[in-house]
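Read the structure below first, then the notes.
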Amino acid sequence: MKTVSDLVDEGVAGRTVLVRSDLNVPLDGETITDDGRIRASVPTISELSGAMARVVVTAHLGRPKSPSDTQFSLAPVAARLGELLGAPVKLVPLEGPLPNLHDGDVVLLENIRFDPRETSKNDDDRAEFARHLIDVTGADAFVSDGFGVVHRKQASVYDVAQDLPAYAGGLVLSEVEVLTTLTGEPERPYAVVLGGSKVSDKLAVIEALLPKVDSLLVGGGMCFTFLAAQGYGVGSSLLESDQIDSSRKLLESGKIVLPTDVVVADRFAADAATKTVPVDAIEDGWMGLDIGPESVRAFAEVLSGARTVFWNGPMGVFELAPFAEGTRGVAQAIVDSDSFSVVGGGDSAAAVRALGLPEAGFSHISTGGGASLEFLEGKSLPGVAVLER
């Protein structure tokens, strides 16, 4: 892959460069609750702007149905990006026109998904929208820096890269390098921590990782399907009955470590009645919402001896205080270990920041949950493959 540094070496002063970033951040109204992805996008944008390129950034936010879904406007993102860059970033409508740009200026196009051609399954529709983006911006080079979307065959990720000289941004490059380390010959013992809601969401990555890892620790809502596969009652906990047989087969590997105690509640609420019980004592009407302290200690013991750790998915509903300690404890154990540690983006990365854990305590925090998992599954990522061509 050619890189953004290669592009800068070629000379970008006075040229317009189209940059695909991943700025899909969580919002509470118009307030950004976690700006991690915006901060991660700044180095590549700054490198180009500092080299006097005229930078046009494209990104999406959520899943709008049409431009009338104004709650998905990138206006708050433009404001925050400008604060981080130290210069105003104007938000431009998708149909243009661009303002009169000077060398070093940065603008952000409105939510790229306001145009349905961006995510169309029809190759011609996407190609047409890619050409529109090039025509509106006048760009003569493309930099792909949104790792969180490279697993999507979308116009601003894939098709633009076929029509313009394409380069990998620093973020995409670092993500690929780190994840390649995990799929190659990682230093052992190699431990993976998986959480989140559903076994079905992680089944493919579990099947891909099991032959390669020494231990696979399972928490979050998905652990209850595994516990059911062992014959335990799980009360009102999240359960995928259709995944019990698959989970039972995965357990035959002998590498999967499950919780031995869980924090249960009588309802899904921050002020619910709670108690900690062994996994064989979950009563009807009670739901497991976090792993318990005994499980945290057992997971921490495994992690303390690991040399490589990949973590994707919280251990419980960390957004609610009574169910945050499992995630906090496991994350702290990773920080305290001497391992090469990778946080697999998504909710895990959000938990690191929300729970006040030191980001510097992890070797790498990914910005792309789904992209990270598909990479580890061994799938070809369209937005990376097109750069390699």
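Letters for chains follow the order of the structure tokens (A, B, ...), residue numbers begin at 1 for each chain, and ligand numbers begin at 1 in the order shown.
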
| request: Name the residues in contact with Ser120 of chain A at a cut-off of 9 Å, using only C-alpha atoms, excluding same-chain residues fewer than 6 positions from it; report them as an MDAnalysis selection string. | output: chainID A and resid 126 153:155

Looking only at the backbone, which of the residues in segment 174-278 of chain A does DSSP tag as alpha helix (DSSP H), as an mmCIF file with C-alpha atoms, in the first residue's frame?
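File written: out_31.cif
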```
data_model
loop_
_atom_site.group_PDB
_atom_site.id
_atom_site.type_symbol
_atom_site.label_atom_id
_atom_site.label_comp_id
_atom_site.auth_asym_id
_atom_site.auth_seq_id
_atom_site.Cartn_x
_atom_site.Cartn_y
_atom_site.Cartn_z
ATOM 1 C CA SER A 174 -1.229 1.145 12.151
ATOM 2 C CA GLU A 175 -4.415 -0.907 12.563
ATOM 3 C CA VAL A 176 -3.412 -3.321 9.805
ATOM 4 C CA GLU A 177 0.104 -3.683 11.226
ATOM 5 C CA VAL A 178 -1.154 -4.397 14.757
ATOM 6 C CA LEU A 179 -3.811 -6.889 13.690
ATOM 7 C CA THR A 180 -1.369 -8.627 11.364
ATOM 8 C CA THR A 181 0.766 -9.255 14.449
ATOM 9 C CA LEU A 182 -2.190 -11.022 16.087
ATOM 10 C CA THR A 183 -2.867 -13.207 13.051
ATOM 11 C CA VAL A 199 -22.612 -15.519 20.606
ATOM 12 C CA SER A 200 -23.947 -15.236 17.047
ATOM 13 C CA ASP A 201 -22.122 -11.917 16.604
ATOM 14 C CA LYS A 202 -18.797 -13.460 17.611
ATOM 15 C CA LEU A 203 -19.203 -17.067 16.425
ATOM 16 C CA ALA A 204 -17.032 -16.686 13.328
ATOM 17 C CA VAL A 205 -14.192 -14.966 15.180
ATOM 18 C CA ILE A 206 -14.314 -17.550 17.995
ATOM 19 C CA GLU A 207 -14.028 -20.362 15.458
ATOM 20 C CA ALA A 208 -11.129 -18.569 13.757
ATOM 21 C CA LEU A 209 -9.278 -17.772 16.983
ATOM 22 C CA CYS A 223 -21.525 -16.057 28.363
ATOM 23 C CA PHE A 224 -25.030 -17.155 29.350
ATOM 24 C CA THR A 225 -25.506 -19.133 26.149
ATOM 25 C CA PHE A 226 -22.260 -20.973 26.952
ATOM 26 C CA LEU A 227 -23.439 -21.536 30.531
ATOM 27 C CA ALA A 228 -26.729 -22.918 29.214
ATOM 28 C CA ALA A 229 -24.690 -25.245 26.986
ATOM 29 C CA ILE A 244 -26.464 -23.666 22.427
ATOM 30 C CA ASP A 245 -25.326 -26.583 20.272
ATOM 31 C CA SER A 246 -22.629 -24.465 18.602
ATOM 32 C CA SER A 247 -21.460 -23.256 22.007
ATOM 33 C CA ARG A 248 -21.287 -26.808 23.326
ATOM 34 C CA LYS A 249 -19.031 -27.803 20.427
ATOM 35 C CA LEU A 250 -16.767 -24.801 20.991
ATOM 36 C CA LEU A 251 -16.389 -25.745 24.654
#
```

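Closest approach to Gly96 of chain A among A:Leu133, A:Ala79, A:Leu210, A:Val150 is made by A:Leu133 (distances from only C-alpha atoms).
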
Each residue of segment 328-377 of chain A with at least one atom at most 12 Å from segment 193-198 of chain A should appear once, together with its nearest atom pair and the corresponding distance in Å (one decimal); atoms considered: only C-alpha atoms; ordering: chain, then increasing residue number; output as JSON lines.
```
{"residue": "A:Val330", "atom": "CA", "partner": "A:Val193", "partner_atom": "CA", "distance": 8.8}
{"residue": "A:Ala331", "atom": "CA", "partner": "A:Val193", "partner_atom": "CA", "distance": 9.7}
{"residue": "A:Ala333", "atom": "CA", "partner": "A:Val193", "partner_atom": "CA", "distance": 11.4}
{"residue": "A:Ile334", "atom": "CA", "partner": "A:Val193", "partner_atom": "CA", "distance": 9.8}
{"residue": "A:Ser341", "atom": "CA", "partner": "A:Val193", "partner_atom": "CA", "distance": 10.7}
{"residue": "A:Val342", "atom": "CA", "partner": "A:Val193", "partner_atom": "CA", "distance": 10.3}
{"residue": "A:Val343", "atom": "CA", "partner": "A:Val193", "partner_atom": "CA", "distance": 9.5}
{"residue": "A:Gly344", "atom": "CA", "partner": "A:Leu194", "partner_atom": "CA", "distance": 9.5}
{"residue": "A:Gly345", "atom": "CA", "partner": "A:Leu194", "partner_atom": "CA", "distance": 11.9}
{"residue": "A:Gly346", "atom": "CA", "partner": "A:Gly196", "partner_atom": "CA", "distance": 10.1}
{"residue": "A:Asp347", "atom": "CA", "partner": "A:Gly196", "partner_atom": "CA", "distance": 8.2}
{"residue": "A:Ser348", "atom": "CA", "partner": "A:Gly195", "partner_atom": "CA", "distance": 8.8}
{"residue": "A:Ala351", "atom": "CA", "partner": "A:Gly196", "partner_atom": "CA", "distance": 11.8}
{"residue": "A:Gly369", "atom": "CA", "partner": "A:Gly196", "partner_atom": "CA", "distance": 11.3}
{"residue": "A:Leu373", "atom": "CA", "partner": "A:Leu194", "partner_atom": "CA", "distance": 10.7}
```

Atoms to include: N, CA and C atoms. Write the selected residues as a PDB file, in the first residue's frame.
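New file selection.pdb:
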```pdb
ATOM      1  N   VAL A 330     -11.365  -6.530  34.658  1.00  0.00           N
ATOM      2  CA  VAL A 330     -10.667  -7.254  33.592  1.00  0.00           C
ATOM      3  C   VAL A 330      -9.774  -6.299  32.810  1.00  0.00           C
ATOM      4  N   ALA A 331     -10.278  -5.102  32.513  1.00  0.00           N
ATOM      5  CA  ALA A 331      -9.477  -4.117  31.792  1.00  0.00           C
ATOM      6  C   ALA A 331      -8.237  -3.733  32.598  1.00  0.00           C
ATOM      7  N   ALA A 333      -6.726  -5.579  34.759  1.00  0.00           N
ATOM      8  CA  ALA A 333      -5.817  -6.727  34.726  1.00  0.00           C
ATOM      9  C   ALA A 333      -4.985  -6.731  33.452  1.00  0.00           C
ATOM     10  N   ILE A 334      -5.588  -6.306  32.339  1.00  0.00           N
ATOM     11  CA  ILE A 334      -4.833  -6.212  31.083  1.00  0.00           C
ATOM     12  C   ILE A 334      -3.776  -5.121  31.194  1.00  0.00           C
ATOM     13  N   SER A 341      -1.004  -5.669  24.280  1.00  0.00           N
ATOM     14  CA  SER A 341      -2.468  -5.710  24.449  1.00  0.00           C
ATOM     15  C   SER A 341      -3.167  -4.857  23.411  1.00  0.00           C
ATOM     16  N   VAL A 342      -4.196  -5.426  22.796  1.00  0.00           N
ATOM     17  CA  VAL A 342      -4.972  -4.738  21.773  1.00  0.00           C
ATOM     18  C   VAL A 342      -6.433  -4.716  22.205  1.00  0.00           C
ATOM     19  N   VAL A 343      -6.997  -3.520  22.256  1.00  0.00           N
ATOM     20  CA  VAL A 343      -8.426  -3.349  22.535  1.00  0.00           C
ATOM     21  C   VAL A 343      -9.138  -3.259  21.197  1.00  0.00           C
ATOM     22  N   GLY A 344     -10.091  -4.143  20.979  1.00  0.00           N
ATOM     23  CA  GLY A 344     -10.703  -4.284  19.665  1.00  0.00           C
ATOM     24  C   GLY A 344     -11.810  -3.321  19.328  1.00  0.00           C
ATOM     25  N   GLY A 345     -11.682  -2.076  19.737  1.00  0.00           N
ATOM     26  CA  GLY A 345     -12.618  -1.041  19.301  1.00  0.00           C
ATOM     27  C   GLY A 345     -14.011  -1.166  19.878  1.00  0.00           C
ATOM     28  N   GLY A 346     -14.957  -0.413  19.282  1.00  0.00           N
ATOM     29  CA  GLY A 346     -16.360  -0.458  19.671  1.00  0.00           C
ATOM     30  C   GLY A 346     -16.594  -0.160  21.136  1.00  0.00           C
ATOM     31  N   ASP A 347     -17.435  -0.986  21.772  1.00  0.00           N
ATOM     32  CA  ASP A 347     -17.799  -0.777  23.171  1.00  0.00           C
ATOM     33  C   ASP A 347     -16.607  -0.931  24.109  1.00  0.00           C
ATOM     34  N   SER A 348     -15.642  -1.748  23.742  1.00  0.00           N
ATOM     35  CA  SER A 348     -14.467  -1.932  24.600  1.00  0.00           C
ATOM     36  C   SER A 348     -13.676  -0.634  24.708  1.00  0.00           C
ATOM     37  N   ALA A 351     -15.550   1.775  26.781  1.00  0.00           N
ATOM     38  CA  ALA A 351     -15.481   1.432  28.207  1.00  0.00           C
ATOM     39  C   ALA A 351     -14.179   1.923  28.825  1.00  0.00           C
ATOM     40  N   GLY A 369     -14.362  -1.874  15.667  1.00  0.00           N
ATOM     41  CA  GLY A 369     -14.772  -3.143  16.254  1.00  0.00           C
ATOM     42  C   GLY A 369     -15.064  -4.211  15.220  1.00  0.00           C
ATOM     43  N   LEU A 373     -12.670  -7.493  14.026  1.00  0.00           N
ATOM     44  CA  LEU A 373     -13.107  -8.884  14.115  1.00  0.00           C
ATOM     45  C   LEU A 373     -13.029  -9.583  12.761  1.00  0.00           C
TER      46      LEU A 373
END
```

query: Leaving out segment 44-49 of chain A and any residue of its chain fewer than 3 positions from it, which residues lie within 9 Å of it when counting only C-alpha atoms, given as a PyMOL selection string?
result: chain A and resi 4-5+7-8+12-13+17+19+21+40-41+52-55+57+85+103-106+143+145+169-171

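Atom pair atom CA of Met315 of chain A / atom CA of Leu376 of chain A: separated by 20.3 Å.
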
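Remark: for Gly288 of chain A, the closest of the candidate residues A:Ser304, A:Gln332, A:Ser237, A:Asn122 is A:Ser237 (distances computed over only C-alpha atoms).
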
Excluding same-chain residues fewer than 3 positions from Ser236 of chain A, what lies within 6 Å of it counting only C-alpha atoms, as a ChimeraX atom specification? /A:285-287

What would the file look like if the residues just selected were written as a compact mmCIF listing (two decimals), in the first residue's frame with all heavy atoms?
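Listing of out-v7.txt after writing:
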```txt
# COMPACT_ATOMS: atom_id res chain seq x y z
N GLY A 285 -36.40 -15.30 36.94
CA GLY A 285 -36.78 -13.91 37.14
C GLY A 285 -35.60 -12.97 37.36
O GLY A 285 -35.77 -11.75 37.40
N TRP A 286 -34.41 -13.53 37.51
CA TRP A 286 -33.20 -12.71 37.70
C TRP A 286 -32.34 -12.81 36.44
O TRP A 286 -32.26 -13.87 35.81
CB TRP A 286 -32.41 -13.18 38.91
CG TRP A 286 -33.09 -12.85 40.21
CD1 TRP A 286 -34.16 -13.51 40.75
CD2 TRP A 286 -32.76 -11.80 41.11
NE1 TRP A 286 -34.53 -12.93 41.94
CE2 TRP A 286 -33.69 -11.87 42.20
CE3 TRP A 286 -31.79 -10.80 41.14
CZ2 TRP A 286 -33.66 -10.98 43.26
CZ3 TRP A 286 -31.75 -9.91 42.21
CH2 TRP A 286 -32.68 -10.01 43.25
N MET A 287 -31.70 -11.70 36.10
CA MET A 287 -30.88 -11.67 34.89
C MET A 287 -29.44 -11.30 35.23
O MET A 287 -29.17 -10.43 36.06
CB MET A 287 -31.45 -10.66 33.88
CG MET A 287 -31.47 -9.22 34.36
SD MET A 287 -32.23 -8.09 33.15
CE MET A 287 -33.94 -8.61 33.26
```

Atom CA of Asp69 of chain A sits from atom CA of Leu84 of chain A at a separation of 26.3 Å

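Computed from the coordinates, the atom CA of Leu357 of chain A to atom CA of Ala59 of chain A distance equals 27.8 Å.
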
Please extract the residues of segment 31-279 of chain A with a backbone DSSP assignment of strand (DSSP E or B) and present them as an mmCIF file with C-alpha atoms, in the first residue's frame.
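Final output, saved to out_16.cif:
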```
data_model
loop_
_atom_site.group_PDB
_atom_site.id
_atom_site.type_symbol
_atom_site.label_atom_id
_atom_site.label_comp_id
_atom_site.auth_asym_id
_atom_site.auth_seq_id
_atom_site.Cartn_x
_atom_site.Cartn_y
_atom_site.Cartn_z
ATOM 1 C CA THR A 31 -23.260 16.533 22.710
ATOM 2 C CA ILE A 32 -20.487 14.115 21.775
ATOM 3 C CA ARG A 54 -6.615 21.402 0.808
ATOM 4 C CA VAL A 55 -8.297 18.665 2.816
ATOM 5 C CA VAL A 56 -11.890 17.519 2.278
ATOM 6 C CA VAL A 57 -13.004 14.964 4.877
ATOM 7 C CA THR A 58 -15.860 12.512 4.347
ATOM 8 C CA LYS A 90 -16.696 24.210 7.878
ATOM 9 C CA LEU A 91 -19.491 21.674 7.265
ATOM 10 C CA VAL A 92 -20.344 21.483 3.554
ATOM 11 C CA VAL A 106 -9.885 21.540 6.178
ATOM 12 C CA VAL A 107 -13.604 21.119 5.464
ATOM 13 C CA LEU A 108 -15.993 18.283 6.311
ATOM 14 C CA LEU A 109 -18.700 17.067 3.956
ATOM 15 C CA ALA A 141 -5.865 12.048 -4.460
ATOM 16 C CA PHE A 142 -7.663 9.877 -1.899
ATOM 17 C CA VAL A 143 -6.535 8.906 1.596
ATOM 18 C CA SER A 144 -8.357 6.092 3.398
ATOM 19 C CA ALA A 166 -5.264 5.976 -3.259
ATOM 20 C CA TYR A 167 -3.161 5.987 -0.094
ATOM 21 C CA ALA A 168 -3.500 4.455 3.362
ATOM 22 C CA TYR A 190 -1.922 -15.609 23.794
ATOM 23 C CA ALA A 191 -5.207 -14.797 25.563
ATOM 24 C CA VAL A 192 -8.387 -13.404 24.015
ATOM 25 C CA VAL A 193 -11.150 -11.776 26.050
ATOM 26 C CA LEU A 194 -14.563 -11.622 24.374
ATOM 27 C CA SER A 215 -7.066 -19.150 26.409
ATOM 28 C CA LEU A 216 -10.353 -17.544 25.386
ATOM 29 C CA LEU A 217 -12.141 -15.781 28.246
ATOM 30 C CA VAL A 218 -15.870 -15.175 27.721
ATOM 31 C CA ILE A 256 -12.735 -21.413 26.784
ATOM 32 C CA VAL A 257 -12.860 -19.950 30.293
ATOM 33 C CA ASP A 261 -20.087 -16.114 39.463
ATOM 34 C CA VAL A 262 -22.242 -13.306 38.098
ATOM 35 C CA VAL A 263 -23.977 -10.146 39.270
ATOM 36 C CA VAL A 264 -27.715 -10.588 38.758
ATOM 37 C CA ALA A 265 -30.577 -8.092 38.939
ATOM 38 C CA THR A 274 -28.775 -6.891 42.718
ATOM 39 C CA LYS A 275 -26.801 -9.776 44.200
ATOM 40 C CA THR A 276 -23.789 -11.874 43.288
ATOM 41 C CA VAL A 277 -24.411 -15.594 42.852
ATOM 42 C CA PRO A 278 -22.549 -18.668 41.552
#
```

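Distances here use only C-alpha atoms; by that measure, the residue among A:Gly219, A:Gly62, A:Pro43, A:Gly36 closest to Arg80 of chain A is A:Gly36.
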
Shortest contact to Glu325 of chain A, candidates A:Asp290, A:Thr308, A:Phe114, A:Ser295, atoms counted only C-alpha atoms, goes to A:Asp290

Counting only C-alpha atoms, the residue among A:His60, A:Arg15, A:Arg307, A:His364 that lies closest to Thr137 of chain A is A:Arg15

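Minimum atom-to-atom distance to Thr367 of chain A, evaluated using only C-alpha atoms, belongs to A:Arg37 out of A:Arg63, A:Arg20, A:Arg37, A:Lys212.
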
Self-check item: Polymer residues at most 8 Å from Val317 of chain A, only C-alpha atoms, same-chain spacing of 6 or more positions, as a list in words
Solution: Gly220, Leu289, Asp290, Phe323 and Ala324 of chain A
